[in-house]
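Have a look at data38.cif; it's mmCIF, C-alpha atoms:
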```
data_work
loop_
_atom_site.label_atom_id
_atom_site.label_comp_id
_atom_site.auth_asym_id
_atom_site.auth_seq_id
_atom_site.Cartn_x
_atom_site.Cartn_y
_atom_site.Cartn_z
CA MET A 1365 -48.88 14.81 17.65
CA MET A 1366 -45.13 15.01 17.09
CA ASP A 1367 -43.76 12.76 14.35
CA THR A 1368 -40.70 11.06 15.84
CA ASP A 1369 -39.63 9.82 12.38
CA THR A 1370 -39.21 13.29 10.90
CA ASN A 1371 -35.69 14.12 9.72
CA TYR A 1372 -35.40 17.47 11.50
CA GLU A 1373 -31.71 17.79 10.73
CA GLY A 1374 -32.45 17.46 7.03
CA MET A 1375 -35.21 20.05 7.29
CA VAL A 1376 -32.90 22.50 9.04
CA ARG A 1377 -30.19 21.94 6.43
CA GLU A 1378 -32.73 22.64 3.67
CA ILE A 1379 -33.90 25.86 5.38
CA LEU A 1380 -30.33 27.10 5.81
CA THR A 1381 -29.33 26.31 2.24
CA GLY A 1382 -32.41 28.02 0.85
CA ALA A 1383 -31.97 31.14 2.95
CA TYR A 1384 -28.20 31.61 3.01
CA GLY A 1385 -26.74 29.75 0.04
CA PRO A 1386 -22.95 30.35 -0.09
CA ALA A 1387 -22.80 31.07 3.66
CA VAL A 1388 -23.69 27.42 4.38
CA ILE A 1389 -20.51 25.33 4.56
CA ASP A 1390 -19.18 21.89 5.44
CA ASP A 1391 -22.04 19.48 6.15
CA GLY A 1392 -24.74 22.13 5.72
CA LEU A 1393 -25.10 22.81 9.44
CA ASN A 1394 -22.48 25.53 9.65
CA LEU A 1395 -23.01 29.17 8.71
CA VAL A 1396 -20.42 31.87 8.15
CA HIS A 1397 -21.21 35.51 8.90
CA GLN A 1398 -18.42 37.92 8.01
CA GLY A 1399 -15.91 35.18 8.83
CA LEU A 1400 -17.66 34.20 12.08
CA SER A 1401 -18.34 30.45 12.08
CA ILE A 1402 -21.76 29.55 13.53
CA ARG A 1403 -22.50 25.94 14.34
CA VAL A 1404 -26.18 24.97 13.96
CA MET A 1405 -27.11 22.00 16.14
CA VAL A 1406 -30.34 20.01 16.03
CA LEU A 1407 -31.23 18.67 19.49
CA ASP A 1408 -33.27 15.49 19.28
CA GLY A 1409 -35.44 16.04 22.35
CA PRO A 1410 -38.22 15.08 22.44
CA PRO A 1411 -39.42 17.61 21.62
CA PRO A 1412 -36.68 18.67 19.18
CA ALA A 1413 -34.99 22.05 19.31
CA VAL A 1414 -32.21 23.88 17.49
CA SER A 1415 -29.31 25.88 18.88
CA LEU A 1416 -26.64 28.18 17.46
CA LEU A 1417 -23.09 28.43 18.82
CA ALA A 1418 -20.18 30.67 17.84
CA MET A 1419 -16.78 31.22 19.44
CA VAL A 1420 -16.36 34.98 19.66
CA ALA A 1421 -13.30 35.59 21.86
CA GLU A 1422 -10.46 33.59 23.37
CA ASP A 1423 -7.44 33.99 25.65
CA VAL A 1424 -9.34 35.79 28.40
CA THR A 1425 -6.73 36.79 30.99
CA ASP A 1426 -8.96 38.10 33.79
CA ARG A 1427 -11.84 35.66 34.18
CA ALA A 1428 -13.57 37.60 36.94
CA ALA A 1429 -13.62 40.76 34.82
CA ALA A 1430 -14.82 38.74 31.84
CA ALA A 1431 -17.58 37.13 33.91
CA ILE A 1432 -18.85 40.54 34.93
CA ALA A 1433 -18.69 41.82 31.34
CA VAL A 1434 -20.63 38.78 30.07
CA ALA A 1435 -23.27 39.17 32.79
CA LEU A 1436 -23.80 42.82 31.87
CA LEU A 1437 -24.08 41.99 28.15
CA ASN A 1438 -26.75 39.40 28.96
CA ARG A 1439 -29.00 42.18 30.26
CA SER A 1440 -29.79 43.23 26.69
CA GLU A 1441 -32.92 42.10 24.86
CA GLY A 1442 -32.42 39.41 22.26
CA MET A 1443 -32.55 35.68 21.65
CA ALA A 1444 -28.78 35.19 21.93
CA ARG A 1445 -26.88 34.87 25.21
CA TRP A 1446 -23.21 35.23 26.07
CA VAL A 1447 -21.39 32.32 27.74
CA LEU A 1448 -17.94 32.31 29.36
CA SER A 1449 -16.24 28.91 29.47
CA ASP A 1450 -12.68 28.79 30.81
CA ASP A 1451 -10.83 31.49 28.81
CA THR A 1452 -13.25 31.56 25.87
CA VAL A 1453 -16.45 33.54 25.24
CA TYR A 1454 -19.23 32.08 23.11
CA LEU A 1455 -22.49 33.39 21.75
CA THR A 1456 -25.37 30.92 21.72
CA ALA A 1457 -29.12 30.83 21.07
CA TRP A 1458 -31.91 28.25 21.28
CA MET A 1459 -35.45 27.76 20.02
CA PRO A 1460 -38.09 24.99 19.87
CA LEU A 1461 -38.17 23.23 16.51
CA TRP A 1462 -41.46 21.33 16.54
CA PRO A 1463 -43.73 22.12 14.81
CA VAL A 1464 -41.36 23.57 12.20
CA ALA A 1465 -42.45 27.17 11.57
CA SER A 1466 -41.54 29.08 8.43
CA GLY A 1467 -39.14 31.91 9.17
CA HIS A 1468 -38.38 31.12 12.81
CA LEU A 1469 -34.86 29.82 12.22
CA GLU A 1470 -34.09 32.78 9.95
CA LEU A 1471 -35.31 35.14 12.69
CA LEU A 1472 -33.05 33.40 15.21
CA VAL A 1473 -30.04 33.71 12.90
CA ARG A 1474 -30.73 37.38 12.16
CA ASP A 1475 -31.10 38.21 15.86
CA PHE A 1476 -27.95 36.19 16.65
CA VAL A 1477 -25.69 37.97 14.16
CA GLY A 1478 -27.21 41.32 15.12
CA THR A 1479 -26.24 40.71 18.75
CA PHE A 1480 -22.74 39.72 17.65
CA GLU A 1481 -22.24 42.85 15.57
CA GLU A 1482 -23.60 45.13 18.28
CA ALA A 1483 -21.83 43.69 21.31
CA ALA A 1484 -18.65 41.86 20.23
CA PRO A 1485 -16.45 44.99 20.01
CA ASP A 1486 -17.54 46.02 23.53
CA LEU A 1487 -16.90 42.48 24.78
CA LEU A 1488 -13.33 42.46 23.44
CA LEU A 1489 -12.68 45.90 24.91
CA ARG A 1490 -13.99 44.98 28.38
CA THR A 1491 -12.28 41.60 28.64
CA GLY A 1492 -8.98 42.27 26.87
CA ALA A 1493 -9.55 38.97 25.04
CA GLN A 1494 -8.50 38.19 21.50
CA SER A 1495 -11.01 37.80 18.70
CA ALA A 1496 -11.50 34.10 17.91
CA PRO A 1497 -10.13 32.90 14.57
CA ARG A 1498 -12.33 33.69 11.59
CA THR A 1499 -13.16 31.52 8.59
CA SER A 1500 -11.60 32.79 5.38
CA GLY A 1501 -13.28 32.89 2.00
CA VAL A 1502 -16.92 33.56 2.97
CA ARG A 1503 -17.75 37.19 3.81
CA GLN A 1504 -21.54 37.20 3.49
CA ASP A 1505 -23.43 39.44 5.93
CA LEU A 1506 -26.31 37.32 7.21
CA ARG A 1507 -28.14 40.42 8.42
CA HIS A 1508 -28.87 41.13 4.78
CA ALA A 1509 -30.01 37.66 3.71
CA PRO A 1510 -32.95 37.65 1.29
CA TYR A 1511 -35.42 36.49 3.94
CA VAL A 1512 -37.79 39.29 4.97
CA PRO A 1513 -39.90 38.78 8.12
CA LEU A 1514 -43.64 39.26 7.90
CA GLY A 1515 -45.36 42.07 9.77
CA HIS A 1516 -45.56 41.75 13.54
CA ASP A 1517 -48.94 42.18 15.27
CA ALA A 1518 -48.00 42.49 18.95
CA GLY A 1519 -51.62 42.94 20.05
CA GLY A 1520 -52.76 39.87 18.17
CA LEU A 1521 -49.93 37.80 19.64
CA ARG A 1522 -50.87 38.94 23.15
CA ARG A 1523 -54.43 37.73 22.58
CA GLN A 1524 -53.11 34.33 21.47
CA ILE A 1525 -50.86 34.09 24.51
CA ALA A 1526 -53.73 35.04 26.83
CA ALA A 1527 -55.80 32.20 25.36
CA TRP A 1528 -52.86 29.80 25.71
CA LEU A 1529 -52.38 30.76 29.36
CA ASP A 1530 -56.11 30.46 30.07
CA GLU A 1531 -56.07 26.93 28.66
CA ARG A 1532 -52.87 25.83 30.39
CA PHE A 1533 -53.41 27.38 33.82
CA GLY A 1534 -57.12 28.13 34.02
CA GLY A 1535 -58.70 31.45 34.85
CA THR A 1536 -58.40 34.60 32.77
CA HIS A 1537 -55.04 36.15 32.01
CA GLU A 1538 -54.55 39.81 31.18
CA VAL A 1539 -51.47 41.99 30.85
CA ASP A 1540 -50.33 44.07 33.81
CA GLY A 1541 -49.42 47.74 33.80
CA ASP A 1542 -46.12 46.97 32.05
CA GLY A 1543 -47.85 44.99 29.31
CA ASP A 1544 -46.68 41.60 30.65
CA PHE A 1545 -48.53 38.42 31.61
CA ASP A 1546 -47.62 36.71 34.85
CA ILE A 1547 -47.95 33.20 36.22
CA GLU A 1548 -46.74 31.58 39.44
CA TYR A 1549 -44.02 28.98 39.76
CA ASP A 1550 -43.28 27.68 43.26
CA ALA A 1551 -45.16 30.73 44.67
CA GLN A 1552 -42.90 33.09 42.69
CA PRO A 1553 -43.87 35.28 39.71
CA VAL A 1554 -42.74 34.49 36.18
CA TRP A 1555 -43.50 37.08 33.52
CA ILE A 1556 -44.17 36.61 29.81
CA ARG A 1557 -43.65 39.56 27.48
CA VAL A 1558 -44.38 40.10 23.79
CA ARG A 1559 -41.70 42.23 22.15
CA GLU A 1560 -43.46 45.28 20.77
CA HIS A 1561 -41.55 45.71 17.52
CA HIS A 1562 -40.08 42.25 17.03
CA PRO A 1563 -41.81 38.85 16.60
CA ALA A 1564 -40.54 37.30 19.81
CA VAL A 1565 -41.72 36.26 23.27
CA VAL A 1566 -39.63 36.65 26.43
CA PHE A 1567 -39.94 34.64 29.66
CA PHE A 1568 -38.30 36.31 32.66
CA ALA A 1569 -38.19 36.08 36.44
CA LYS A 1570 -36.28 37.40 39.46
CA VAL A 1571 -34.28 34.47 40.82
CA VAL A 1572 -32.47 36.17 43.71
CA THR A 1573 -33.06 39.46 45.50
CA GLY A 1574 -30.70 41.29 47.83
CA ALA A 1575 -27.39 39.65 46.94
CA ARG A 1576 -24.70 40.77 49.40
CA ASP A 1577 -22.24 41.87 46.72
CA ARG A 1578 -22.89 43.02 43.14
CA ARG A 1579 -19.62 41.60 41.85
CA THR A 1580 -20.48 38.17 43.24
CA ALA A 1581 -23.98 38.42 41.79
CA ALA A 1582 -22.57 39.11 38.32
CA ILE A 1583 -20.09 36.25 38.51
CA GLU A 1584 -22.71 33.77 39.74
CA ALA A 1585 -25.09 34.89 36.98
CA THR A 1586 -22.42 34.13 34.38
CA LEU A 1587 -21.63 30.77 35.96
CA ALA A 1588 -25.31 29.81 35.77
CA THR A 1589 -25.49 30.81 32.10
CA GLN A 1590 -22.43 28.63 31.47
CA LEU A 1591 -24.35 25.48 32.39
CA GLY A 1592 -25.53 24.95 28.83
CA LEU A 1593 -29.21 25.58 29.59
CA VAL A 1594 -31.52 27.72 27.48
CA SER A 1595 -31.65 30.77 29.75
CA ALA A 1596 -29.41 33.72 30.50
CA TRP A 1597 -28.95 35.08 34.03
CA TYR A 1598 -27.94 38.68 34.63
CA PRO A 1599 -27.67 41.15 37.53
CA ILE A 1600 -29.63 44.34 38.05
CA GLU A 1601 -28.16 46.06 41.09
CA ASN A 1602 -28.30 43.39 43.85
CA ASP A 1603 -30.87 41.17 42.17
CA ILE A 1604 -30.34 38.36 39.66
CA TRP A 1605 -32.79 37.82 36.84
CA GLN A 1606 -33.33 34.99 34.36
CA ARG A 1607 -34.67 35.29 30.83
CA CYS A 1608 -35.28 33.21 27.72
CA GLU A 1609 -36.45 34.67 24.40
CA ILE A 1610 -37.75 32.76 21.36
CA PRO A 1611 -38.97 33.79 17.90
CA VAL A 1612 -42.74 33.76 17.37
CA GLN A 1613 -43.43 34.80 13.80
CA PHE A 1614 -46.23 32.24 13.78
CA PHE A 1615 -48.01 31.17 16.95
CA PHE A 1616 -47.65 27.53 18.01
CA ALA A 1617 -48.73 26.61 21.53
CA GLU A 1618 -46.20 23.76 21.45
CA HIS A 1619 -43.32 26.24 21.10
CA LEU A 1620 -44.44 28.15 24.19
CA ASP A 1621 -45.06 24.91 26.12
CA HIS A 1622 -41.51 23.74 25.33
CA ALA A 1623 -39.84 27.07 26.10
CA LEU A 1624 -41.74 27.57 29.36
CA ALA A 1625 -40.96 24.03 30.52
CA GLU A 1626 -37.25 24.56 29.85
CA PHE A 1627 -37.31 27.98 31.51
CA LEU A 1628 -38.94 26.65 34.69
CA ALA A 1629 -36.57 23.67 34.79
CA ASN A 1630 -33.63 26.10 34.54
CA PHE A 1631 -35.14 28.25 37.31
CA GLY A 1632 -35.53 25.30 39.66
CA ALA A 1633 -32.06 23.95 38.87
CA VAL A 1634 -30.10 27.02 39.94
CA GLN A 1635 -32.11 29.06 42.42
CA ASP A 1636 -31.21 27.33 45.69
CA ASP A 1637 -27.46 27.35 44.98
CA MET A 1638 -27.58 30.91 43.70
CA VAL A 1639 -29.31 32.13 46.86
CA LEU A 1640 -26.73 30.34 49.00
CA LEU A 1641 -23.71 31.59 47.05
CA THR A 1642 -24.81 35.22 46.84
CA GLY A 1643 -26.28 35.57 50.32
CA GLY A 1644 -29.53 36.76 48.76
CA GLU A 1645 -33.11 35.70 49.23
CA VAL A 1646 -36.05 34.34 47.30
CA GLU A 1647 -38.63 37.04 46.67
CA ILE A 1648 -42.13 35.77 47.42
#
```
Structure translated into C-alpha cells:
Amino acid sequence: MMDTDTNYEGMVREILTGAYGPAVIDDGLNLVHQGLSIRVMVLDGPPPAVSLLAMVAEDVTDRAAAAIAVALLNRSEGMARWVLSDDTVYLTAWMPLWPVASGHLELLVRDFVGTFEEAAPDLLLRTGAQSAPRTSGVRQDLRHAPYVPLGHDAGGLRRQIAAWLDERFGGTHEVDGDGDFDIEYDAQPVWIRVREHHPAVVFFAKVVTGARDRRTAAIEATLATQLGLVSAWYPIENDIWQRCEIPVQFFFAEHLDHALAEFLANFGAVQDDMVLLTGGEVEI
C-alpha cells in the first residue's frame, strides 16, 4: 500500500545529490548538463510521479515547420519527448515514482540527456530556432555520471510482464511475431514492448489511420504532445501513433499499472478530436 506521508521530494533530492553531486543546483531539484538546465519535478499524484523538463530552443520563427520537425523527432525510441509551446521547444520525460526503485531516476536522466545530445543540433537546424540560454559554471556531462546500470535481462522482463498482464486482464499473454504483447482498449490494440538492449518498457498504439494530409498529421501530433500529458504522438506516413516509455531496471507492477493508466487516459483524451481534425479514421 502506498504511504501518503512519504516525503518523495526529499527522496528525489537525495537520489540526485548522491548521483550527480556538483550538477545539482539551487534547491536540489535542478540539474545542469553541459550548461543545459533540467528541472526535476515531483508530481504528488496519487500515485506520485517525477518529470524532467528542459528548455532547448527558443525564438522559433516558423511554427508549422517546427511542429513538423518536433513530430518527426518524437518517432525515435527513448523516454524523452519533444514539446513545442508557442515559439519555444522543450524536452520532457516522465516516470512513475512509487514504489521508489533504485536506479530508475538515474536511467531517466541518462536517457534524457542522451536524447538531447543526439537530437538538439538537428532540431536547431530544422527549425532555425536559437539555442536556449545555458547555465554558466557547471559543465558536468551527466551521461558519464558514476551510476552504472545493472545488466538487462529482456527475456526475464518479458516473463514478468506476461504474468502481470495475465493477472490484470485474465487469460494467457504471449508475445507476437514482433516480440510485443498486445491488449485491447475500446476494441483497439495497444502494444507493450520490452526494449531489447535497454531496461525500459514501451506502450504504443495507432491512434489515427489514413489522415488526409501528412503535414496536418504531423502538426496535430505535435499539438497533442503539447498538452502536458505523458505520451508523445508522431506520424508515420498517414497514420498517427502514440507512445510512452518508462525505465524498468527493477520490475514493479505498480509502475506498469500507473504508466498504462496514464497512457490509456491520454489515448482516450485525444483520439476523437485527432480523427476529426485530420480526416482520418479509427483502426479497429
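Rounded to one decimal, CA of Thr1573 (chain A) and CA of Glu1645 (chain A) lie 5.3 Å from each other.
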In the coordinates of the file, take the point (-51.2, 41.5, 17.4) and a cut-off of 12 Å; then, counting all atoms listed in the file, name each qualifying protein, DNA or RNA residue as a list in words.
Gly1515, His1516, Asp1517, Ala1518, Gly1519, Gly1520, Leu1521, Arg1522, Arg1523, Gln1524, Ile1525, Ala1526, Val1558, Arg1559, Glu1560, His1561, His1562, Pro1563, Ala1564, Val1612, Gln1613, Phe1614 and Phe1615 of chain A
In Å to one decimal, how far is CA of Ala1444 (chain A) from CA of Val1473 (chain A)?
9.2 Å
Any idea what's packed within 7 Å of Ser1449 (chain A), counting all atoms listed in the file, ignoring anything in its chain fewer than 3 positions away? Could you give it as a list in words?
Thr1452, Val1453 and Gln1590 of chain A
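CA of Glu1538 (chain A) is found 11.6 Å from CA of Trp1555 (chain A).
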On this structure, the PyMOL selection byres ((chain A and resi 1446) around 9) would catch which residues? List them as a list of chain:residue names, sorted by chain and number.
A:Val1434, A:Ala1435, A:Leu1437, A:Asn1438, A:Ala1444, A:Arg1445, A:Val1447, A:Leu1448, A:Val1453, A:Tyr1454, A:Leu1455, A:Thr1456, A:Ala1457, A:Thr1586, A:Thr1589, A:Gln1590, A:Ala1596
Of the candidates A:Glu1470, A:Glu1481, A:Asp1450, A:Asp1391, which one gets nearest to Leu1416 (chain A) if we count all atoms listed in the file?
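Looking at the shortest contact to Leu1416 (chain A), the residue is A:Glu1470.
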Nearest residue to Ser1401 (chain A) from the set A:Thr1536, A:Ser1466, A:Thr1499, A:Thr1479 (distances using only C-alpha atoms)
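Among A:Thr1536, A:Ser1466, A:Thr1499, A:Thr1479, it is A:Thr1499 that comes nearest to Ser1401 (chain A).
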Neighbouring residues of Glu1378 (chain A) were defined as those with any atom within 9 Å, considering all atoms listed in the file; residues of the same chain fewer than 5 positions away were excluded. Please report them as a ChimeraX atom specification.
/A:1373,1383,1392
